[in-house]
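Participant: Data file protein04.pdb (PDB, C-alpha atoms) is appended below.
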```
ATOM      1  CA  MET F   1       0.000   0.000   0.000
ATOM      2  CA  ILE F   2       1.359   3.428  -0.974
ATOM      3  CA  PRO F   3       1.774   5.830   1.987
ATOM      4  CA  LYS F   4       0.209   9.235   1.643
ATOM      5  CA  VAL F   5       3.426  10.999   2.681
ATOM      6  CA  SER F   6       7.059   9.886   2.992
ATOM      7  CA  ILE F   7       8.998  11.996   5.522
ATOM      8  CA  ILE F   8      12.766  11.964   5.030
ATOM      9  CA  VAL F   9      15.023  12.744   8.005
ATOM     10  CA  PRO F  10      18.832  12.727   7.641
ATOM     11  CA  VAL F  11      20.323  11.893  11.051
ATOM     12  CA  TYR F  12      23.806  12.802  12.178
ATOM     13  CA  ASN F  13      24.665  13.916  15.737
ATOM     14  CA  ALA F  14      21.288  15.177  16.910
ATOM     15  CA  GLY F  15      21.692  14.366  20.605
ATOM     16  CA  GLU F  16      18.543  14.296  22.707
ATOM     17  CA  ARG F  17      16.757  16.595  20.235
ATOM     18  CA  LEU F  18      16.267  13.576  17.962
ATOM     19  CA  ARG F  19      13.683  12.105  20.361
ATOM     20  CA  HIS F  20      11.608  15.298  20.246
ATOM     21  CA  CYS F  21      11.787  15.245  16.441
ATOM     22  CA  LEU F  22      10.735  11.593  16.182
ATOM     23  CA  ASP F  23       7.949  11.954  18.753
ATOM     24  CA  SER F  24       6.446  14.762  16.679
ATOM     25  CA  LEU F  25       6.517  12.534  13.578
ATOM     26  CA  ILE F  26       5.198   9.251  14.964
ATOM     27  CA  ASN F  27       2.309  11.104  16.623
ATOM     28  CA  GLN F  28       1.068  12.746  13.433
ATOM     29  CA  THR F  29      -2.718  12.728  13.045
ATOM     30  CA  LEU F  30      -2.122  11.473   9.495
ATOM     31  CA  LYS F  31      -1.281   7.861  10.246
ATOM     32  CA  ASP F  32      -0.665   6.631   6.691
ATOM     33  CA  ILE F  33       2.927   7.865   6.469
ATOM     34  CA  GLU F  34       6.409   6.398   6.279
ATOM     35  CA  ILE F  35       9.342   7.937   8.133
ATOM     36  CA  ILE F  36      12.711   7.362   6.467
ATOM     37  CA  LEU F  37      15.671   7.937   8.775
ATOM     38  CA  VAL F  38      18.950   8.229   6.882
ATOM     39  CA  LEU F  39      21.705   7.508   9.386
ATOM     40  CA  ASP F  40      24.703   9.490   8.171
ATOM     41  CA  CYS F  41      27.372   7.768  10.304
ATOM     42  CA  PRO F  42      26.488   9.481  13.618
ATOM     43  CA  THR F  43      29.013   9.213  16.438
ATOM     44  CA  ASP F  44      26.891  10.314  19.407
ATOM     45  CA  GLY F  45      24.461   7.389  19.649
ATOM     46  CA  SER F  46      21.758   8.931  17.436
ATOM     47  CA  ASP F  47      21.762   5.693  15.418
ATOM     48  CA  ARG F  48      20.804   3.718  18.526
ATOM     49  CA  VAL F  49      17.930   6.119  19.226
ATOM     50  CA  ALA F  50      16.708   5.707  15.631
ATOM     51  CA  GLU F  51      16.908   1.909  15.893
ATOM     52  CA  GLU F  52      14.994   2.003  19.187
ATOM     53  CA  TYR F  53      12.128   3.933  17.544
ATOM     54  CA  ALA F  54      12.171   1.702  14.456
ATOM     55  CA  VAL F  55      11.606  -1.387  16.613
ATOM     56  CA  LYS F  56       8.502   0.219  18.131
ATOM     57  CA  ASP F  57       7.001   1.709  14.929
ATOM     58  CA  SER F  58       6.931  -0.260  11.665
ATOM     59  CA  ARG F  59       6.416   2.946   9.661
ATOM     60  CA  ILE F  60      10.029   3.914  10.390
ATOM     61  CA  LYS F  61      12.539   2.751   7.755
ATOM     62  CA  LEU F  62      16.297   2.974   8.318
ATOM     63  CA  ILE F  63      19.052   3.658   5.821
ATOM     64  CA  HIS F  64      22.656   3.284   7.002
ATOM     65  CA  ASN F  65      25.086   5.344   4.934
ATOM     66  CA  LYS F  66      28.420   3.548   4.477
ATOM     67  CA  GLN F  67      30.204   6.895   4.615
ATOM     68  CA  ASN F  68      29.272  10.390   5.744
ATOM     69  CA  LEU F  69      27.382  11.983   2.846
ATOM     70  CA  ASN F  70      26.134  15.145   4.574
ATOM     71  CA  ILE F  71      22.565  16.310   4.358
ATOM     72  CA  GLY F  72      22.094  16.783   0.590
ATOM     73  CA  LEU F  73      23.089  13.327  -0.609
ATOM     74  CA  SER F  74      21.506  11.753   2.488
ATOM     75  CA  ARG F  75      18.164  13.216   1.441
ATOM     76  CA  ASN F  76      18.720  11.689  -1.996
ATOM     77  CA  GLU F  77      19.137   8.271  -0.374
ATOM     78  CA  GLY F  78      15.773   8.827   1.295
ATOM     79  CA  LEU F  79      14.189   9.882  -1.992
ATOM     80  CA  LYS F  80      15.378   6.661  -3.619
ATOM     81  CA  MET F  81      13.569   4.591  -0.977
ATOM     82  CA  ALA F  82      10.433   6.754  -0.651
ATOM     83  CA  LYS F  83       7.122   5.296  -1.807
ATOM     84  CA  GLY F  84       4.732   8.050  -0.673
ATOM     85  CA  GLU F  85       2.374   9.999  -2.868
ATOM     86  CA  TYR F  86       3.955  13.152  -1.441
ATOM     87  CA  ILE F  87       7.378  13.835   0.051
ATOM     88  CA  GLY F  88       8.139  15.830   3.188
ATOM     89  CA  PHE F  89      11.405  16.606   4.961
ATOM     90  CA  SER F  90      12.504  17.190   8.532
ATOM     91  CA  ASP F  91      15.832  18.024  10.076
ATOM     92  CA  HIS F  92      16.872  15.739  12.918
ATOM     93  CA  ASP F  93      16.737  18.442  15.619
ATOM     94  CA  ASP F  94      13.470  20.148  14.619
ATOM     95  CA  TYR F  95       9.842  19.252  15.295
ATOM     96  CA  CYS F  96       6.394  19.735  13.791
ATOM     97  CA  LEU F  97       2.844  20.042  15.051
ATOM     98  CA  GLN F  98       0.854  16.817  15.130
ATOM     99  CA  GLN F  99      -1.577  18.013  12.455
ATOM    100  CA  MET F 100       1.100  19.168  10.017
ATOM    101  CA  PHE F 101       1.065  16.428   7.407
ATOM    102  CA  GLU F 102      -2.685  15.864   7.583
ATOM    103  CA  THR F 103      -3.236  19.592   6.972
ATOM    104  CA  LEU F 104      -0.845  19.727   4.029
ATOM    105  CA  TYR F 105      -1.978  16.441   2.497
ATOM    106  CA  ASN F 106      -5.678  17.364   2.727
ATOM    107  CA  ARG F 107      -4.964  20.659   0.969
ATOM    108  CA  ALA F 108      -3.025  18.790  -1.725
ATOM    109  CA  THR F 109      -5.894  16.380  -2.415
ATOM    110  CA  GLU F 110      -8.487  19.178  -2.351
ATOM    111  CA  THR F 111      -6.588  21.307  -4.877
ATOM    112  CA  GLY F 112      -4.653  18.704  -6.883
ATOM    113  CA  VAL F 113      -1.459  20.775  -6.728
ATOM    114  CA  ASP F 114       2.118  19.542  -6.879
ATOM    115  CA  VAL F 115       3.317  21.540  -3.853
ATOM    116  CA  VAL F 116       1.664  22.686  -0.633
ATOM    117  CA  ILE F 117       3.555  25.222   1.468
ATOM    118  CA  SER F 118       2.906  26.624   4.938
ATOM    119  CA  ASP F 119       4.441  29.366   7.054
ATOM    120  CA  ILE F 120       7.845  28.927   8.707
ATOM    121  CA  GLY F 121       7.997  28.340  12.445
ATOM    122  CA  GLU F 122      11.117  29.069  14.467
ATOM    123  CA  ASP F 123      11.912  27.997  18.007
ATOM    124  CA  VAL F 124      14.556  30.293  19.487
ATOM    125  CA  ASP F 125      15.379  29.510  23.119
ATOM    126  CA  GLY F 126      11.873  28.153  23.589
ATOM    127  CA  ASN F 127      10.185  31.201  22.032
ATOM    128  CA  ARG F 128       8.149  30.536  18.887
ATOM    129  CA  TYR F 129       8.097  32.885  15.919
ATOM    130  CA  THR F 130       6.081  32.701  12.700
ATOM    131  CA  THR F 131       7.528  33.940   9.426
ATOM    132  CA  GLY F 132       5.427  33.714   6.286
ATOM    133  CA  PHE F 133       4.233  35.012   2.968
ATOM    134  CA  PRO F 134       1.882  37.827   1.879
ATOM    135  CA  LEU F 135      -1.754  37.242   2.765
ATOM    136  CA  GLN F 136      -3.531  38.374  -0.394
ATOM    137  CA  THR F 137      -6.847  36.802  -1.312
ATOM    138  CA  GLU F 138      -6.376  37.768  -4.960
ATOM    139  CA  THR F 139      -3.080  35.899  -5.255
ATOM    140  CA  THR F 140      -3.457  33.038  -7.740
ATOM    141  CA  GLN F 141      -1.444  29.812  -7.650
ATOM    142  CA  GLU F 142       0.512  30.942 -10.700
ATOM    143  CA  HIS F 143       1.284  34.360  -9.169
ATOM    144  CA  PHE F 144       2.404  32.769  -5.896
ATOM    145  CA  LYS F 145       4.636  30.320  -7.747
ATOM    146  CA  ASP F 146       6.221  33.061  -9.877
ATOM    147  CA  GLU F 147       6.839  35.428  -6.953
ATOM    148  CA  TYR F 148       8.250  32.590  -4.867
ATOM    149  CA  LEU F 149      10.582  31.473  -7.665
ATOM    150  CA  ARG F 150      11.808  35.031  -8.215
ATOM    151  CA  ALA F 151      12.572  35.350  -4.519
ATOM    152  CA  LEU F 152      14.356  31.992  -4.485
ATOM    153  CA  ILE F 153      16.647  33.077  -7.289
ATOM    154  CA  ASN F 154      17.209  36.529  -5.762
ATOM    155  CA  GLY F 155      18.496  34.948  -2.580
ATOM    156  CA  ILE F 156      17.530  37.711  -0.143
ATOM    157  CA  PRO F 157      17.674  36.455   3.473
ATOM    158  CA  PHE F 158      14.346  36.024   5.236
ATOM    159  CA  LYS F 159      13.392  38.316   8.081
ATOM    160  CA  ARG F 160      11.931  36.721  11.189
ATOM    161  CA  GLY F 161       8.333  37.628  11.953
ATOM    162  CA  THR F 162       7.590  39.216   8.561
ATOM    163  CA  ARG F 163       5.397  38.294   5.603
ATOM    164  CA  SER F 164       7.343  38.429   2.359
ATOM    165  CA  PHE F 165       8.141  36.216  -0.600
ATOM    166  CA  ASP F 166      11.774  36.616   0.452
ATOM    167  CA  ASN F 167      11.012  34.121   3.257
ATOM    168  CA  CYS F 168      11.453  31.240   0.853
ATOM    169  CA  ASN F 169      14.518  29.105   1.492
ATOM    170  CA  SER F 170      13.077  26.364   3.736
ATOM    171  CA  ILE F 171      12.188  22.916   2.397
ATOM    172  CA  TRP F 172      10.640  21.472   5.560
ATOM    173  CA  ASN F 173       7.451  23.604   5.576
ATOM    174  CA  GLN F 174       6.212  21.975   2.352
ATOM    175  CA  ILE F 175       5.203  18.695   0.757
ATOM    176  CA  TYR F 176       5.989  17.777  -2.858
ATOM    177  CA  LYS F 177       4.292  15.328  -5.220
ATOM    178  CA  ARG F 178       6.782  12.501  -5.608
ATOM    179  CA  SER F 179       5.832  11.751  -9.222
ATOM    180  CA  VAL F 180       6.781  15.327 -10.187
ATOM    181  CA  LEU F 181      10.203  15.009  -8.548
ATOM    182  CA  THR F 182      10.776  11.681 -10.279
ATOM    183  CA  ALA F 183       9.573  12.787 -13.715
ATOM    184  CA  ASN F 184      11.800  15.875 -13.645
ATOM    185  CA  SER F 185      14.838  14.230 -12.000
ATOM    186  CA  VAL F 186      14.795  16.651  -9.076
ATOM    187  CA  TRP F 187      17.545  15.746  -6.600
ATOM    188  CA  PHE F 188      19.652  17.509  -4.012
ATOM    189  CA  SER F 189      23.155  18.651  -4.867
ATOM    190  CA  ASP F 190      26.182  17.551  -2.853
ATOM    191  CA  ASN F 191      26.555  20.128  -0.087
ATOM    192  CA  ARG F 192      30.103  18.967   0.514
ATOM    193  CA  VAL F 193      30.833  20.770  -2.780
ATOM    194  CA  LEU F 194      28.331  23.629  -2.825
ATOM    195  CA  THR F 195      26.093  25.478  -0.409
ATOM    196  CA  TYR F 196      22.397  26.492  -0.427
ATOM    197  CA  GLU F 197      21.395  23.012  -1.640
ATOM    198  CA  ASP F 198      17.890  23.656  -0.257
ATOM    199  CA  SER F 199      17.487  26.712  -2.501
ATOM    200  CA  LEU F 200      18.681  24.779  -5.553
ATOM    201  CA  PHE F 201      16.224  21.981  -4.828
ATOM    202  CA  LEU F 202      13.362  24.477  -4.497
ATOM    203  CA  ILE F 203      14.330  26.346  -7.672
ATOM    204  CA  LYS F 204      14.142  23.047  -9.557
ATOM    205  CA  VAL F 205      10.822  22.087  -7.933
ATOM    206  CA  TYR F 206       9.113  25.430  -8.537
ATOM    207  CA  SER F 207      10.358  25.527 -12.124
ATOM    208  CA  CYS F 208       8.398  22.374 -12.929
ATOM    209  CA  ALA F 209       5.498  22.402 -10.418
ATOM    210  CA  ALA F 210       2.084  22.676 -12.060
ATOM    211  CA  GLY F 211       0.415  24.234  -9.029
ATOM    212  CA  VAL F 212       1.175  25.525  -5.538
ATOM    213  CA  SER F 213      -1.202  25.998  -2.617
ATOM    214  CA  TYR F 214      -0.425  28.053   0.487
ATOM    215  CA  VAL F 215      -1.551  27.316   4.063
ATOM    216  CA  PRO F 216      -0.984  30.458   6.201
ATOM    217  CA  GLU F 217      -0.085  28.626   9.391
ATOM    218  CA  ALA F 218       3.225  27.608  11.017
ATOM    219  CA  LEU F 219       3.215  23.803  11.305
ATOM    220  CA  TYR F 220       6.936  23.010  11.382
ATOM    221  CA  PHE F 221       9.405  24.553  13.838
ATOM    222  CA  HIS F 222      13.091  24.967  13.113
ATOM    223  CA  VAL F 223      15.070  24.933  16.348
ATOM    224  CA  GLU F 224      17.783  27.581  16.498
ATOM    225  CA  THR F 225      20.609  26.190  18.618
ATOM    226  CA  GLY F 226      23.589  28.313  17.614
ATOM    227  CA  GLU F 227      25.199  25.071  16.401
ATOM    228  CA  ASN F 228      23.457  25.002  13.013
ATOM    229  CA  GLU F 229      25.676  24.595   9.966
ATOM    230  CA  TYR F 230      24.915  28.051   8.574
ATOM    231  CA  HIS F 231      26.888  29.576  11.442
ATOM    232  CA  SER F 232      30.086  27.878  10.179
ATOM    233  CA  TYR F 233      32.694  29.191   7.731
ATOM    234  CA  GLY F 234      32.035  26.462   5.188
ATOM    235  CA  TYR F 235      28.364  27.330   4.694
ATOM    236  CA  ARG F 236      29.234  30.622   2.959
ATOM    237  CA  SER F 237      32.767  29.872   1.796
ATOM    238  CA  ILE F 238      33.613  31.508  -1.525
ATOM    239  CA  ALA F 239      34.315  28.150  -3.189
ATOM    240  CA  LYS F 240      30.934  26.673  -2.207
ATOM    241  CA  VAL F 241      29.031  29.856  -3.082
ATOM    242  CA  ARG F 242      30.590  30.025  -6.549
ATOM    243  CA  ALA F 243      29.753  26.348  -7.114
ATOM    244  CA  TYR F 244      26.140  27.073  -6.109
ATOM    245  CA  LEU F 245      25.891  30.015  -8.504
ATOM    246  CA  TYR F 246      27.331  27.985 -11.396
ATOM    247  CA  GLU F 247      24.772  25.224 -10.898
ATOM    248  CA  MET F 248      21.879  27.656 -10.505
ATOM    249  CA  ILE F 249      22.815  29.504 -13.702
ATOM    250  CA  ASP F 250      23.329  26.269 -15.648
ATOM    251  CA  PHE F 251      19.982  24.879 -14.480
ATOM    252  CA  LEU F 252      17.967  27.983 -15.387
ATOM    253  CA  GLU F 253      19.631  28.105 -18.806
ATOM    254  CA  SER F 254      18.838  24.416 -19.335
ATOM    255  CA  VAL F 255      15.073  24.886 -18.774
ATOM    256  CA  ASP F 256      14.633  27.069 -21.868
ATOM    257  CA  ASP F 257      15.855  30.395 -23.249
ATOM    258  CA  GLU F 258      12.752  32.243 -22.073
ATOM    259  CA  THR F 259      13.262  31.171 -18.452
ATOM    260  CA  SER F 260      16.827  32.480 -18.254
ATOM    261  CA  LYS F 261      15.703  35.741 -19.904
ATOM    262  CA  LYS F 262      12.665  36.087 -17.648
ATOM    263  CA  TYR F 263      14.747  35.764 -14.493
ATOM    264  CA  ALA F 264      17.927  37.492 -15.770
ATOM    265  CA  GLN F 265      17.576  40.355 -13.299
ATOM    266  CA  CYS F 266      17.029  37.908 -10.430
ATOM    267  CA  ILE F 267      20.129  35.960 -11.471
ATOM    268  CA  SER F 268      22.211  39.148 -11.385
ATOM    269  CA  ASN F 269      20.788  40.045  -7.969
ATOM    270  CA  SER F 270      21.568  36.567  -6.678
ATOM    271  CA  ILE F 271      25.150  36.596  -7.926
ATOM    272  CA  PHE F 272      25.918  39.850  -6.178
ATOM    273  CA  GLN F 273      23.989  39.110  -2.969
ATOM    274  CA  ARG F 274      25.559  35.676  -2.545
ATOM    275  CA  ILE F 275      29.083  36.841  -3.471
ATOM    276  CA  PHE F 276      28.926  39.875  -1.185
ATOM    277  CA  THR F 277      27.772  37.748   1.758
ATOM    278  CA  SER F 278      30.517  35.239   1.018
ATOM    279  CA  LEU F 279      33.157  37.994   0.906
ATOM    280  CA  LEU F 280      32.064  39.178   4.347
ATOM    281  CA  ASN F 281      32.305  35.563   5.485
ATOM    282  CA  GLU F 282      35.907  35.392   4.231
ATOM    283  CA  LEU F 283      36.707  38.623   6.049
ATOM    284  CA  HIS F 284      35.116  37.446   9.290
ATOM    285  CA  PHE F 285      36.700  34.001   9.427
ATOM    286  CA  LYS F 286      39.971  34.403   7.503
ATOM    287  CA  GLY F 287      40.855  38.077   7.489
ATOM    288  CA  LEU F 288      41.577  40.909   5.082
ATOM    289  CA  CYS F 289      43.999  39.033   2.850
ATOM    290  CA  ALA F 290      41.481  36.260   2.146
ATOM    291  CA  PHE F 291      38.802  38.903   1.474
ATOM    292  CA  TYR F 292      40.906  40.624  -1.207
ATOM    293  CA  ASN F 293      42.033  37.347  -2.768
ATOM    294  CA  ALA F 294      38.418  36.206  -3.057
ATOM    295  CA  MET F 295      37.393  39.501  -4.677
ATOM    296  CA  ARG F 296      40.245  39.230  -7.166
ATOM    297  CA  HIS F 297      39.245  35.701  -8.200
ATOM    298  CA  VAL F 298      35.576  36.636  -8.605
ATOM    299  CA  ARG F 299      36.534  39.677 -10.680
ATOM    300  CA  LEU F 300      38.187  37.333 -13.198
ATOM    301  CA  ASP F 301      35.224  34.919 -13.271
ATOM    302  CA  SER F 302      33.425  35.746 -16.513
ATOM    303  CA  LYS F 303      30.535  33.345 -15.788
ATOM    304  CA  LEU F 304      29.590  35.500 -12.792
ATOM    305  CA  ILE F 305      30.723  38.940 -13.963
ATOM    306  CA  TYR F 306      29.002  38.890 -17.364
ATOM    307  CA  PRO F 307      25.447  38.713 -15.888
ATOM    308  CA  LEU F 308      26.348  41.567 -13.494
ATOM    309  CA  LYS F 309      27.412  43.734 -16.425
ATOM    310  CA  GLU F 310      24.332  42.826 -18.478
ATOM    311  CA  HIS F 311      21.892  43.583 -15.647
ATOM    312  CA  LYS F 312      23.102  45.780 -12.812
ATOM    313  CA  PRO F 313      21.863  44.324  -9.504
ATOM    314  CA  ASP F 314      18.503  45.822  -8.584
ATOM    315  CA  ILE F 315      18.942  45.749  -4.820
ATOM    316  CA  ARG F 316      19.256  48.075  -1.863
ATOM    317  CA  PHE F 317      22.848  49.324  -1.903
ATOM    318  CA  THR F 318      24.994  50.245   1.073
ATOM    319  CA  LEU F 319      28.297  52.057   0.651
ATOM    320  CA  ALA F 320      30.192  48.772   1.143
ATOM    321  CA  LYS F 321      28.133  47.060  -1.554
ATOM    322  CA  ARG F 322      28.714  49.948  -3.979
ATOM    323  CA  LEU F 323      32.452  49.792  -3.465
ATOM    324  CA  VAL F 324      32.582  46.009  -3.931
ATOM    325  CA  LEU F 325      30.438  46.121  -7.080
ATOM    326  CA  ARG F 326      32.547  48.935  -8.543
ATOM    327  CA  TYR F 327      35.700  46.863  -7.998
ATOM    328  CA  LEU F 328      34.205  43.695  -9.469
ATOM    329  CA  LEU F 329      33.035  45.455 -12.614
ATOM    330  CA  SER F 330      36.143  47.611 -13.113
TER     331      SER F 330
END
```
Can the structure in the file be given as structure tokens, please?
Facilitator:
Amino acid sequence: MIPKVSIIVPVYNAGERLRHCLDSLINQTLKDIEIILVLDCPTDGSDRVAEEYAVKDSRIKLIHNKQNLNIGLSRNEGLKMAKGEYIGFSDHDDYCLQQMFETLYNRATETGVDVVISDIGEDVDGNRYTTGFPLQTETTQEHFKDEYLRALINGIPFKRGTRSFDNCNSIWNQIYKRSVLTANSVWFSDNRVLTYEDSLFLIKVYSCAAGVSYVPEALYFHVETGENEYHSYGYRSIAKVRAYLYEMIDFLESVDDETSKKYAQCISNSIFQRIFTSLLNELHFKGLCAFYNAMRHVRLDSKLIYPLKEHKPDIRFTLAKRLVLRYLLS
């Protein structure tokens, strides 16, 4: 029997937070689900916790990675096993409300869409925040999809507690029709090589999704611990950011000529936003010499500089951003 939703959870060193995550999944009001735990060679006993839960609940399936693949390729291992009509994701240290997947799945069956998205919940030191999207009754599915895709490509960071299409880089507050992912070969990129693999996945999904429905309610809560990967140097390293931008550009050009033209301004915005953030990351972690070396290498990178020259970034400029852009284009 095909489950209604497959929930994929890569597991590394989650500590005691893994139990809270798994409790929120096994107690979903939608019972017809499968929970795929991808054990990515944890060293803190998280694998034993996962095995303990799997013994008690037959809906839990375990995958043991032979080597550490990190989160992107681990999710792909889960996608290979998944049998559900829809796919959902959870991080190993987050949690969701018990009605989450029933709410999203019911909306999917009512509307027949490929993607259902809800607001983003954040748990910061036990305080919950909701971040979401514009509440406009006149917004059509096609308009929502287009605005969301533009924001994804732009790459502007979300702002906690606001409603904006810029709040778009989370994969866990959505479910995706599995047949659409399969038919369009939508997979995660290797985040050992590039960063923002979530954004790339979503850009691919929203480029091929036939319909999107929005539930204005926070159902999934991302736990901010201060230990999350995006606080590390590697998350915004210049090498990983450039690799992300190359793959994003190549993908959008591969869809069709009209797509790359339609989003040309967004691509330019993304290149500069991502590069500028990465340069600050180099400065913060490695110092002034690394900052200048990174700028020099980007300046010689025609794949990134050409779109900037064709379409000047249409963003809010600070003095620092103006100076960096002037140097890159000189």
Participant: Can you translate the PyMOL selection byres ((chain F and resi 151) around 10) into the concrete residues it hits in this file, as a PyMOL selection string?
Facilitator: chain F and resi 145-150+152-158+164-169+203+266+270
Participant: Give as an MDAnalysis selection string the residues that the PyMOL selection byres ((chain F and resi 10-21) around 8) matches when applied to the coordinates above.
Facilitator: chainID F and resid 8:9 22:25 37:47 49 71 74:75 90:96
Participant: If you apply the PyMOL selection byres ((chain F and resi 276) around 10) to this file, what residues do you get, as a ChimeraX atom specification?
Facilitator: /F:238,270-275,277-282,295,320-321,324-325
Participant: Name all residues at most 9 Å from range 183-191 of chain F (count only C-alpha atoms; drop same-chain ones fewer than 2 positions away) and give them as JSON, numbers by chain.
Facilitator: {"F": [69, 70, 71, 72, 73, 74, 75, 76, 79, 178, 179, 180, 181, 193, 194, 195, 196, 197, 198, 200, 201, 204, 205, 208, 235, 240]}
Participant: Would you mind telling me which residue in F:Gly121, F:Gly287, F:Pro216, F:Pro313 lies nearest to Pro134 in chain F when using only C-alpha atoms?
Facilitator: F:Pro216
Participant: Using only C-alpha atoms, which of F:Asn27, F:Asn127, F:Gln99, F:Thr111 sits nearest Tyr220 in chain F?
Facilitator: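 Closest residue, counting only C-alpha atoms: F:Gln99.
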Participant: I need the residue nearest Tyr263 in chain F from this list: F:Cys289, F:Val116, F:Pro307, F:Asn65. Use only C-alpha atoms for the distance.
Facilitator: F:Pro307
Participant: Leu104 in chain F: which residues within 8 Å, counting all atoms listed in the file, same-chain residues fewer than 6 positions away excluded, as a count of residues only?
Facilitator: 6
Participant: Residues at most 12 Å from Asp250 in chain F, counting all atoms listed in the file, excluding those fewer than 5 positions away in the same chain, as a VMD selection string?
Facilitator: chain F and resid 200 204 243 to 245 255 to 257 259 to 260 267 303 to 304
Participant: With distances taken over all atoms listed in the file, which of F:Glu77, F:Leu62, F:Ser207, F:Tyr306 is nearest to Phe251 in chain F?
Facilitator: F:Ser207
Participant: Quick one: distance from CA of Asp57 in chain F to CA of Gly78 in chain F in Å, one decimal?
Facilitator: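 For CA of Asp57 in chain F relative to CA of Gly78 in chain F, the distance reads 17.7 Å.
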Participant: What gap, in Å, lies between CA of Leu328 in chain F and CA of Arg242 in chain F?
Facilitator: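 For CA of Leu328 in chain F relative to CA of Arg242 in chain F, the distance reads 14.4 Å.
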Participant: Measure the distance from CA of Glu102 in chain F to CA of Leu219 in chain F in Å and round it to one decimal.
Facilitator: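 Interatomic distance here is 10.6 Å.
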Participant: Taking (-0.5, 12.4, -1.8) in the file's coordinates as the center, which residues reach within 10 Å of it, counting all atoms listed in the file, put as a ChimeraX atom specification?
Facilitator: /F:2-6,84-87,104-109,112-114,175-179
